Every structure is written in structure tokens, then in C-alpha cells.
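Q: Below is the file target.cif, with mmCIF, C-alpha atoms and all ligand atoms.
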```
data_my_file
loop_
_atom_site.label_atom_id
_atom_site.label_comp_id
_atom_site.auth_asym_id
_atom_site.auth_seq_id
_atom_site.Cartn_x
_atom_site.Cartn_y
_atom_site.Cartn_z
CA MET A 1 -20.49 -33.73 5.15
CA SER A 2 -17.39 -31.78 4.25
CA THR A 3 -14.90 -31.14 7.01
CA VAL A 4 -12.87 -27.99 7.00
CA GLN A 5 -9.19 -28.80 7.20
CA GLY A 6 -7.36 -25.74 5.97
CA ARG A 7 -7.33 -22.20 7.23
CA LEU A 8 -7.83 -18.85 5.58
CA ARG A 9 -4.95 -16.43 5.70
CA ILE A 10 -5.13 -12.66 5.84
CA ALA A 11 -1.94 -10.66 5.22
CA VAL A 12 -1.56 -7.52 7.33
CA GLN A 13 1.29 -5.10 7.89
CA LYS A 14 3.33 -6.20 10.88
CA SER A 15 4.26 -2.73 12.07
CA GLY A 16 3.87 0.67 10.54
CA ARG A 17 1.15 3.09 9.57
CA LEU A 18 -1.46 0.50 8.59
CA ALA A 19 -0.78 -2.14 11.26
CA GLU A 20 -3.09 -0.95 14.03
CA ARG A 21 -6.03 0.00 11.82
CA SER A 22 -5.78 -3.30 9.95
CA LEU A 23 -6.02 -5.25 13.20
CA ASP A 24 -8.94 -3.06 14.31
CA LEU A 25 -10.81 -3.86 11.11
CA VAL A 26 -10.25 -7.58 11.54
CA ARG A 27 -11.42 -7.42 15.14
CA ASP A 28 -14.43 -5.23 14.33
CA ALA A 29 -15.43 -7.84 11.75
CA GLY A 30 -15.81 -10.28 14.65
CA LEU A 31 -12.52 -12.16 14.48
CA ARG A 32 -10.95 -12.84 17.88
CA VAL A 33 -7.25 -12.43 17.28
CA VAL A 34 -4.73 -14.08 19.60
CA LYS A 35 -0.95 -13.98 19.38
CA GLY A 36 0.55 -17.23 18.16
CA ASN A 37 3.85 -18.82 19.09
CA ASN A 38 5.70 -16.61 16.69
CA ASP A 39 5.50 -13.01 15.68
CA LEU A 40 4.74 -13.80 12.06
CA LEU A 41 1.41 -15.46 12.70
CA TYR A 42 -1.56 -14.39 14.80
CA LYS A 43 -4.39 -16.86 15.14
CA VAL A 44 -8.11 -16.24 15.08
CA GLU A 45 -9.62 -18.37 17.82
CA ASN A 46 -13.24 -18.37 16.70
CA TYR A 47 -12.65 -19.22 13.01
CA PRO A 48 -10.08 -21.22 11.01
CA ILE A 49 -8.19 -18.07 10.05
CA ASP A 50 -4.61 -16.89 10.56
CA LEU A 51 -3.18 -13.41 10.17
CA LEU A 52 0.18 -13.31 8.45
CA ARG A 53 2.09 -10.25 9.69
CA VAL A 54 4.60 -9.05 7.11
CA ARG A 55 6.22 -6.03 5.46
CA ASP A 56 3.59 -4.17 3.47
CA ASP A 57 5.67 -4.55 0.29
CA ASP A 58 5.24 -8.33 0.44
CA ILE A 59 1.46 -8.30 0.82
CA PRO A 60 0.45 -7.97 -2.90
CA THR A 61 2.72 -10.89 -3.87
CA PHE A 62 1.48 -13.14 -1.06
CA VAL A 63 -2.11 -12.49 -2.07
CA ALA A 64 -1.45 -12.75 -5.83
CA ASP A 65 0.30 -16.09 -5.31
CA GLY A 66 -2.49 -17.48 -3.12
CA VAL A 67 -0.24 -17.74 -0.05
CA CYS A 68 -2.86 -15.49 1.55
CA ASP A 69 -6.54 -15.24 0.61
CA LEU A 70 -6.96 -11.61 1.65
CA GLY A 71 -4.65 -8.72 2.40
CA ILE A 72 -4.76 -5.15 3.62
CA VAL A 73 -2.34 -2.81 1.90
CA GLY A 74 -1.93 0.72 0.57
CA GLU A 75 -3.08 1.18 -3.04
CA ASN A 76 0.27 2.84 -3.72
CA VAL A 77 2.12 -0.38 -2.83
CA LEU A 78 -0.32 -2.50 -4.83
CA GLU A 79 -0.02 -0.28 -7.89
CA GLU A 80 3.76 -0.06 -7.78
CA GLY A 81 4.09 -3.84 -7.40
CA LYS A 82 1.71 -4.85 -10.21
CA ASN A 83 3.13 -7.74 -12.20
CA ALA A 84 6.43 -7.44 -10.39
CA ASN A 85 7.05 -11.01 -11.53
CA PRO A 86 6.40 -11.33 -15.28
CA SER A 87 5.73 -15.07 -14.99
CA GLN A 88 2.74 -14.16 -12.84
CA GLU A 89 1.21 -11.91 -15.48
CA GLY A 90 -2.56 -11.69 -15.15
CA ALA A 91 -2.46 -13.09 -11.65
CA ASN A 92 -2.58 -9.86 -9.69
CA ALA A 93 -4.51 -9.55 -6.48
CA SER A 94 -7.75 -7.67 -7.02
CA VAL A 95 -9.16 -4.84 -4.95
CA VAL A 96 -12.29 -5.78 -3.00
CA MET A 97 -12.88 -2.35 -1.48
CA PRO A 98 -11.25 0.80 -0.19
CA LEU A 99 -11.04 0.83 3.60
CA GLY A 100 -11.14 4.54 4.40
CA PHE A 101 -7.85 4.75 6.32
CA GLY A 102 -4.17 5.21 5.41
CA LYS A 103 -5.13 8.04 3.09
CA CYS A 104 -2.27 9.86 1.40
CA THR A 105 -1.30 11.32 -1.96
CA LEU A 106 1.76 10.67 -4.05
CA LYS A 107 2.85 14.16 -5.05
CA LEU A 108 5.51 15.88 -7.03
CA ALA A 109 7.35 18.44 -4.92
CA CYS A 110 10.30 20.72 -5.49
CA PRO A 111 12.23 23.55 -3.88
CA PRO A 112 10.67 27.01 -4.38
CA THR A 113 13.74 27.95 -6.43
CA LEU A 114 12.62 25.62 -9.22
CA ASP A 115 10.43 27.57 -11.59
CA TYR A 116 7.62 25.01 -11.63
CA ALA A 117 4.76 25.53 -14.08
CA GLY A 118 3.50 21.95 -14.43
CA PRO A 119 5.02 18.50 -15.06
CA GLY A 120 6.61 19.83 -18.28
CA SER A 121 8.98 21.89 -16.10
CA LEU A 122 10.58 18.58 -15.09
CA GLU A 123 11.65 17.68 -18.65
CA GLY A 124 15.21 16.33 -18.44
CA ALA A 125 15.34 16.79 -14.64
CA ARG A 126 16.24 14.21 -12.02
CA ILE A 127 13.35 13.18 -9.77
CA ALA A 128 13.82 11.06 -6.63
CA THR A 129 11.06 8.63 -5.62
CA SER A 130 10.26 5.24 -4.06
CA TYR A 131 7.54 4.80 -6.71
CA PRO A 132 9.38 4.70 -10.06
CA LYS A 133 6.69 2.73 -11.94
CA ILE A 134 3.80 5.00 -10.97
CA LEU A 135 5.89 8.11 -11.62
CA ARG A 136 7.20 6.87 -14.99
CA ARG A 137 3.69 6.13 -16.21
CA TYR A 138 2.48 9.53 -15.05
CA LEU A 139 5.29 11.34 -16.86
CA GLU A 140 4.93 9.23 -20.00
CA GLU A 141 1.22 10.04 -20.20
CA ARG A 142 2.22 13.70 -20.21
CA GLY A 143 5.07 13.33 -22.67
CA VAL A 144 7.68 14.29 -20.09
CA SER A 145 11.01 12.52 -20.11
CA ALA A 146 12.89 12.73 -16.81
CA ASP A 147 15.62 10.86 -15.00
CA ILE A 148 14.06 8.87 -12.16
CA VAL A 149 16.30 8.14 -9.16
CA VAL A 150 14.98 5.38 -6.91
CA MET A 151 15.35 5.93 -3.17
CA ARG A 152 13.91 3.54 -0.60
CA GLY A 153 13.54 6.19 2.10
CA ALA A 154 14.39 9.79 3.03
CA VAL A 155 13.31 10.92 -0.43
CA GLU A 156 12.64 14.39 0.93
CA VAL A 157 16.35 15.08 1.48
CA ALA A 158 17.28 14.46 -2.18
CA PRO A 159 16.94 18.07 -3.41
CA ARG A 160 19.00 19.41 -0.49
CA LEU A 161 21.74 16.89 -1.26
CA LYS A 162 21.55 17.85 -4.95
CA LEU A 163 20.67 14.25 -5.72
CA ALA A 164 17.57 15.40 -7.57
CA ALA A 165 15.82 18.58 -8.65
CA ALA A 166 12.43 17.36 -7.46
CA ILE A 167 10.83 14.47 -5.62
CA CYS A 168 7.71 12.36 -5.90
CA ASP A 169 6.67 11.13 -2.46
CA LEU A 170 3.70 10.29 -0.29
CA VAL A 171 2.19 13.19 1.59
CA SER A 172 -0.41 13.15 4.33
CA THR A 173 -0.16 16.26 6.51
CA GLY A 174 2.49 18.00 4.41
CA ALA A 175 4.71 18.54 7.47
CA THR A 176 7.63 16.58 6.01
CA LEU A 177 7.65 18.62 2.81
CA GLU A 178 7.45 21.83 4.77
CA ALA A 179 10.25 20.83 7.14
CA ASN A 180 12.42 20.19 4.11
CA GLY A 181 11.55 23.41 2.34
CA LEU A 182 9.68 21.68 -0.49
CA VAL A 183 6.54 22.86 -2.23
CA ALA A 184 3.84 20.33 -3.12
CA GLN A 185 2.84 20.36 -6.78
CA GLU A 186 0.75 17.90 -8.87
CA THR A 187 -0.90 14.83 -7.38
CA VAL A 188 0.42 11.75 -9.15
CA PHE A 189 -1.66 9.12 -7.32
CA GLU A 190 -4.33 9.13 -4.60
CA SER A 191 -4.08 6.28 -2.14
CA GLN A 192 -5.69 4.64 0.84
CA ALA A 193 -5.66 1.19 2.40
CA VAL A 194 -7.58 -1.40 0.39
CA LEU A 195 -8.74 -4.95 0.98
CA ILE A 196 -7.34 -7.22 -1.70
CA ARG A 197 -8.20 -10.82 -2.55
CA SER A 198 -6.38 -13.62 -4.24
CA PRO A 199 -7.18 -14.83 -7.77
CA ALA A 200 -6.66 -18.34 -6.34
CA ALA A 201 -9.50 -20.24 -4.69
CA PRO A 202 -9.30 -20.74 -0.93
CA GLU A 203 -8.72 -24.20 0.51
CA PRO A 204 -11.69 -26.57 0.17
CA GLY A 205 -14.69 -25.73 2.30
CA LEU A 206 -13.58 -22.17 3.08
CA GLN A 207 -15.25 -20.17 0.29
CA HIS A 208 -18.32 -19.43 2.36
CA LEU A 209 -16.24 -18.20 5.30
CA LEU A 210 -14.16 -16.03 2.95
CA ASP A 211 -17.30 -14.44 1.50
CA SER A 212 -18.76 -13.81 4.92
CA ILE A 213 -15.55 -12.20 6.23
CA ILE A 214 -15.53 -9.85 3.22
CA GLU A 215 -19.19 -9.03 3.82
CA ARG A 216 -18.58 -8.24 7.47
CA MET A 217 -15.58 -6.07 6.70
CA ALA A 218 -17.72 -4.18 4.19
CA GLY A 219 -20.29 -3.66 6.95
CA VAL A 220 -17.64 -2.29 9.31
CA VAL A 221 -16.24 0.06 6.65
CA SER A 222 -19.65 1.40 5.63
CA SER A 223 -20.66 1.93 9.27
CA GLN A 224 -17.55 4.08 9.65
CA GLY A 225 -18.79 6.11 6.66
O1 LIG B 301 7.92 -1.90 7.28
P1 LIG B 301 7.00 -1.79 6.11
O2 LIG B 301 7.67 -1.98 4.79
O3 LIG B 301 5.79 -2.66 6.31
O4 LIG B 301 6.41 -0.29 6.19
P2 LIG B 301 6.80 1.00 5.33
O5 LIG B 301 7.81 1.76 6.11
O6 LIG B 301 7.09 0.67 3.91
O7 LIG B 301 5.41 1.76 5.28
P3 LIG B 301 4.68 2.74 6.33
O8 LIG B 301 4.27 1.98 7.54
O9 LIG B 301 5.45 4.00 6.52
O10 LIG B 301 3.40 3.12 5.46
C1 LIG B 301 2.48 2.14 5.10
C2 LIG B 301 1.45 2.78 4.18
O11 LIG B 301 0.79 3.85 4.84
C3 LIG B 301 1.99 3.43 2.91
O12 LIG B 301 2.29 2.49 1.89
C4 LIG B 301 0.82 4.33 2.52
O13 LIG B 301 -0.18 3.58 1.84
C5 LIG B 301 0.25 4.75 3.88
N1 LIG B 301 0.58 6.14 4.26
C6 LIG B 301 -0.33 7.06 4.65
C7 LIG B 301 1.80 6.71 4.30
C8 LIG B 301 1.62 8.03 4.72
N2 LIG B 301 0.29 8.22 4.94
C9 LIG B 301 2.76 8.90 4.87
N3 LIG B 301 2.61 10.06 5.24
N4 LIG B 301 3.04 6.22 4.04
C10 LIG B 301 4.11 7.03 4.21
N5 LIG B 301 4.03 8.33 4.60
C11 LIG B 301 5.33 9.05 4.79
C12 LIG B 301 5.83 9.72 3.51
O14 LIG B 301 6.60 8.80 2.74
C13 LIG B 301 6.70 10.85 4.06
O15 LIG B 301 7.97 10.38 4.43
O16 LIG B 301 5.21 10.09 5.73
C14 LIG B 301 5.95 11.24 5.31
C15 LIG B 301 5.01 12.38 4.97
O17 LIG B 301 4.03 12.53 5.95
P4 LIG B 301 3.48 14.00 6.27
O18 LIG B 301 2.39 13.79 7.26
O19 LIG B 301 4.65 14.76 6.86
O20 LIG B 301 2.99 14.62 4.99
ZN ZN B 302 7.18 -1.06 3.03
#
```
Can the structure in the file be given as C-alpha cells, please?

A:
Amino acid sequence: MSTVQGRLRIAVQKSGRLAERSLDLVRDAGLRVVKGNNDLLYKVENYPIDLLRVRDDDIPTFVADGVCDLGIVGENVLEEGKNANPSQEGANASVVMPLGFGKCTLKLACPPTLDYAGPGSLEGARIATSYPKILRRYLEERGVSADIVVMRGAVEVAPRLKLAAAICDLVSTGATLEANGLVAQETVFESQAVLIRSPAAPEPGLQHLLDSIIERMAGVVSSQG
């Protein structure tokens, strides 16, 4: 008889827009989550599973490297981080399923004073974004060459500060764009939270549990339609 020694690990955002819904999904899938001794790790008391609570940006790498077996992260973060480490080429985390929450769109936006008639209007312009890889690919596919300025936050203030002529940022309600006098243009990328899994095998004896957790999460997601 094989004895289970290791534990599965699920990476979730510690705090932020996906944190609460990620925990809800885990709980709805039947996992009883209890706080551990430290803030980084929550334990599941009815299965050998831990939740690793981290910055969302770290989740794809943890899952790709097999530090975590599963993760819940925005597709935008997954896409932007693909093959961040060239030595890991081919070892990306893979998407198991979309989760139906955290929906947003990465959009180009500019002040109304910019005579915008499509991505071609941005030829030679400066565009501020936190998603340079996704934006560069989008522009390249359309034969547009622009100067991409990377900002980690407050992207929406860039045009006002004359740091950039346009921005490419996540939008959900559109209130931030409006408050900053920006007009939404093309959608560059559609995103929502996704469940991702590691290319690495789980610790011995845990494959069945991993499969059943995925199955239950799928059940929860489909019941939420
Ligand atoms: O601390 P950590 O690094 O973990 O969190 P974070 O600050 O990087 O991310 P967080 O918590 O803000 O967002 C986590 C994920 O939620 C994102 O990666 C997206 O997948 C998803 N998401 C959904 C959003 C939004 N909606 C969203 N509206 N992420 C960010 N925004 C921001 C946007 O950047 C802009 O500043 O909200 C503003 C626009 O919102 P509206 O409603 O005014 O249009
Ligand atoms: Zn982040």
C-alpha cells in the first residue's frame, strides 16, 4: 500500500482582485481551508493540500517550476509572463479552464485630442503599459512600430503627464479611463481568471487527488454557469 507523504500546493493571490474569489472556489470545491502559522501558507485540513498565498505575478513561475501543482491567476499575467526565464522554455504552466471571474480587457486608450482611427494611428507614438510583451506582439501583428514605455502602475496618468500619447491598460468598468479623460479604443487581450497546472508531476501518490480537485473545481465553475 502506498502512503501519501507529500502535499499538493495551490498558488492563489494573497490579496487583491482575485484573492477572495480564488478562496471561494477552493472552498466550494470541498477543501476546508484553515490559516497556518504564517501568512504565506494556508492549510487544507481535510486533504494533504496547502495554499500558497503570493503576488499574482509569481503564480505562473511557481506553477511552471512545479513549486505548486495548481494556480489561479489572470490570463493577462500568464500571457505576459510566458517563458520569462529562457532556460525554462517549453515548461510553461498550462491552462486547465477559465474560471468565470476576474474578467477584464486589455485596451488601448488615448485622449480625445488624439485623432485615433485604428492601431495605425499609433505609429511612432509612445504608449504606456504594464503589459509590454502582449502589446508588442499586438502591434507587430498589425505592422505598427511604437515606443512602449513600461509602467508598473498608474498607467492612466501617463498621457496627462505627457509621458505617453496613449496607454494600454486593463479595463473592467471603464471608470478609471473616464476619470482620466481617456477614450477606450481597440481590445488587445481579453482576460479572466484561469486555473493553471504544472507540467511537473505531483509528489508520489497525489495524482488521483490532483485530478479529483480539478474535477470538482470544474463542477463548481459549470454550476455557476
Ligand atoms: O499584489 P498583486 O501583485 O498580487 O496584485 P496586482 O495589484 O498586480 O493585481 P490586482 O489585484 O489589481 O489584479 C489582479 C487581476 O485581476 C489582474 O491581473 C486581472 O487579471 C484582474 N482584473 C480584473 C483587473 C481588473 N479587473 C482591473 N480593473 N486588474 C486590474 N484592474 C485595474 C486596471 O489596471 C485599472 O487600473 O483597475 C483599473 C480599471 O478598472 P475600471 O473598473 O475603472 O475599468
Ligand atoms: Zn501583480

Q: Would you mind telling me which residue in A:Leu78, A:Leu52, A:Val44, A:Met97 lies nearest to ligand ZN 302 (chain B) when using only C-alpha atoms and all ligand atoms?

A: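 Among the listed residues, the smallest separation from ligand ZN 302 (chain B) belongs to A:Leu78.
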
Q: Enumerate, as JSON, numbers by chain, the protein, DNA and RNA residues whose atoms approach (9.4, 1.5, -6.1) to within 8 Å, taking into account only C-alpha atoms and the coordinate frame of the file.

A: {"A": [80, 81, 129, 130, 131, 132, 133, 150, 151, 152]}

Q: One number please: atom CA of Ala125 of chain A to atom CA of Thr187 of chain A, in Å, one decimal.

A: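 Calculated distance between atom CA of Ala125 of chain A and atom CA of Thr187 of chain A is 17.9 Å.
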
Q: Find the distance between atom CA of Val12 of chain A and atom C13 of ligand LIG 301 (chain B) and write it in Å to one decimal.

A: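 If I compute the distance from atom CA of Val12 of chain A to atom C13 of ligand LIG 301 (chain B), I get 20.4 Å.
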
Q: Could you give me the residues within 9 Å of ligand ZN 302 (chain B), counting only C-alpha atoms and all ligand atoms, as an MDAnalysis selection string?

A: chainID A and resid 13 16 55:58 77 152

Q: Give the residues close to ligand LIG 301 (chain B), within 7 Å, counting only C-alpha atoms and all ligand atoms; write them as a PyMOL selection string.

A: chain A and resi 13-18+54-57+73-77+102-104+154+169-177+191-193

Q: Record the distance separating atom CA of Asp211 of chain A and atom CA of Glu20 of chain A, expressed in Å with one decimal.

A: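 Spanning atom CA of Asp211 of chain A to atom CA of Glu20 of chain A is a straight-line distance of 23.3 Å.
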
Q: Using all atoms listed in the file, can you tell me which of A:Thr61, A:Asn92, A:Asn37, A:Ser223 comes closest to Pro199 of chain A?

A: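 Closest candidate: A:Asn92.
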
Q: May I have the protein, DNA and RNA residues with an atom at most 10 Å from (-7.9, -11.7, 17.4), counting all atoms listed in the file in the file's coordinates, returned as a PDB file with C-alpha atoms, in the frame of the given file?

A:
```pdb
ATOM      1  CA  LEU A  23      -6.020  -5.250  13.200  1.00  0.00           C
ATOM      2  CA  ASP A  24      -8.940  -3.060  14.310  1.00  0.00           C
ATOM      3  CA  VAL A  26     -10.250  -7.580  11.540  1.00  0.00           C
ATOM      4  CA  ARG A  27     -11.420  -7.420  15.140  1.00  0.00           C
ATOM      5  CA  ASP A  28     -14.430  -5.230  14.330  1.00  0.00           C
ATOM      6  CA  GLY A  30     -15.810 -10.280  14.650  1.00  0.00           C
ATOM      7  CA  LEU A  31     -12.520 -12.160  14.480  1.00  0.00           C
ATOM      8  CA  ARG A  32     -10.950 -12.840  17.880  1.00  0.00           C
ATOM      9  CA  VAL A  33      -7.250 -12.430  17.280  1.00  0.00           C
ATOM     10  CA  VAL A  34      -4.730 -14.080  19.600  1.00  0.00           C
ATOM     11  CA  LYS A  35      -0.950 -13.980  19.380  1.00  0.00           C
ATOM     12  CA  TYR A  42      -1.560 -14.390  14.800  1.00  0.00           C
ATOM     13  CA  LYS A  43      -4.390 -16.860  15.140  1.00  0.00           C
ATOM     14  CA  VAL A  44      -8.110 -16.240  15.080  1.00  0.00           C
ATOM     15  CA  GLU A  45      -9.620 -18.370  17.820  1.00  0.00           C
ATOM     16  CA  ASN A  46     -13.240 -18.370  16.700  1.00  0.00           C
ATOM     17  CA  TYR A  47     -12.650 -19.220  13.010  1.00  0.00           C
ATOM     18  CA  ILE A  49      -8.190 -18.070  10.050  1.00  0.00           C
ATOM     19  CA  ASP A  50      -4.610 -16.890  10.560  1.00  0.00           C
ATOM     20  CA  LEU A  51      -3.180 -13.410  10.170  1.00  0.00           C
TER      21      LEU A  51
END
```

Q: Could you check which of A:Pro204, A:Gly153, A:Pro98, A:Pro60 is closest to Ser222 of chain A, using all atoms listed in the file?

A: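 Closest residue, counting all atoms listed in the file: A:Pro98.
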
Q: Between A:Lys162, A:Arg136, A:Arg126, A:Arg21, which residue has the minimum interatomic distance to Leu99 of chain A, considering all atoms listed in the file?

A: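 Checking each of A:Lys162, A:Arg136, A:Arg126, A:Arg21 against Leu99 of chain A, counting all atoms listed in the file, the winner is A:Arg21.
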
Q: Determine, counting all atoms listed in the file, which protein, DNA and RNA residues have an atom within 10 Å of an atom of Pro111 of chain A; residues of the same chain fewer than 5 positions away are not included. Present the result as a PyMOL selection string.

A: chain A and resi 116+159-160+165-167+177+180-184

Q: Residues at most 12 Å from Arg137 of chain A, counting only C-alpha atoms, excluding those fewer than 3 positions away in the same chain, as a PDB file with C-alpha atoms, in the frame of the given file?

A:
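Result file is result16.pdb:
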```
ATOM      1  CA  GLU A  79      -0.020  -0.280  -7.890  1.00  0.00           C
ATOM      2  CA  GLU A  80       3.760  -0.060  -7.780  1.00  0.00           C
ATOM      3  CA  TYR A 131       7.540   4.800  -6.710  1.00  0.00           C
ATOM      4  CA  PRO A 132       9.380   4.700 -10.060  1.00  0.00           C
ATOM      5  CA  LYS A 133       6.690   2.730 -11.940  1.00  0.00           C
ATOM      6  CA  ILE A 134       3.800   5.000 -10.970  1.00  0.00           C
ATOM      7  CA  GLU A 140       4.930   9.230 -20.000  1.00  0.00           C
ATOM      8  CA  GLU A 141       1.220  10.040 -20.200  1.00  0.00           C
ATOM      9  CA  ARG A 142       2.220  13.700 -20.210  1.00  0.00           C
ATOM     10  CA  GLY A 143       5.070  13.330 -22.670  1.00  0.00           C
ATOM     11  CA  VAL A 144       7.680  14.290 -20.090  1.00  0.00           C
ATOM     12  CA  SER A 145      11.010  12.520 -20.110  1.00  0.00           C
ATOM     13  CA  ALA A 146      12.890  12.730 -16.810  1.00  0.00           C
ATOM     14  CA  ILE A 148      14.060   8.870 -12.160  1.00  0.00           C
ATOM     15  CA  VAL A 188       0.420  11.750  -9.150  1.00  0.00           C
ATOM     16  CA  PHE A 189      -1.660   9.120  -7.320  1.00  0.00           C
TER      17      PHE A 189
END
```

Q: Ranking A:Phe101, A:Ala164, A:Ile59, A:Pro112 by minimum distance to Gly225 of chain A and counting only C-alpha atoms, which one comes first?

A: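 Ranked by minimum distance to Gly225 of chain A, first place goes to A:Phe101.
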
Q: Have a look at A:Ile213, A:Ala11, A:Val96, A:Ala109 and name the one nearest to Gly66 of chain A; count all atoms listed in the file.

A: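 So, comparing all the options, the nearest one is A:Ala11.
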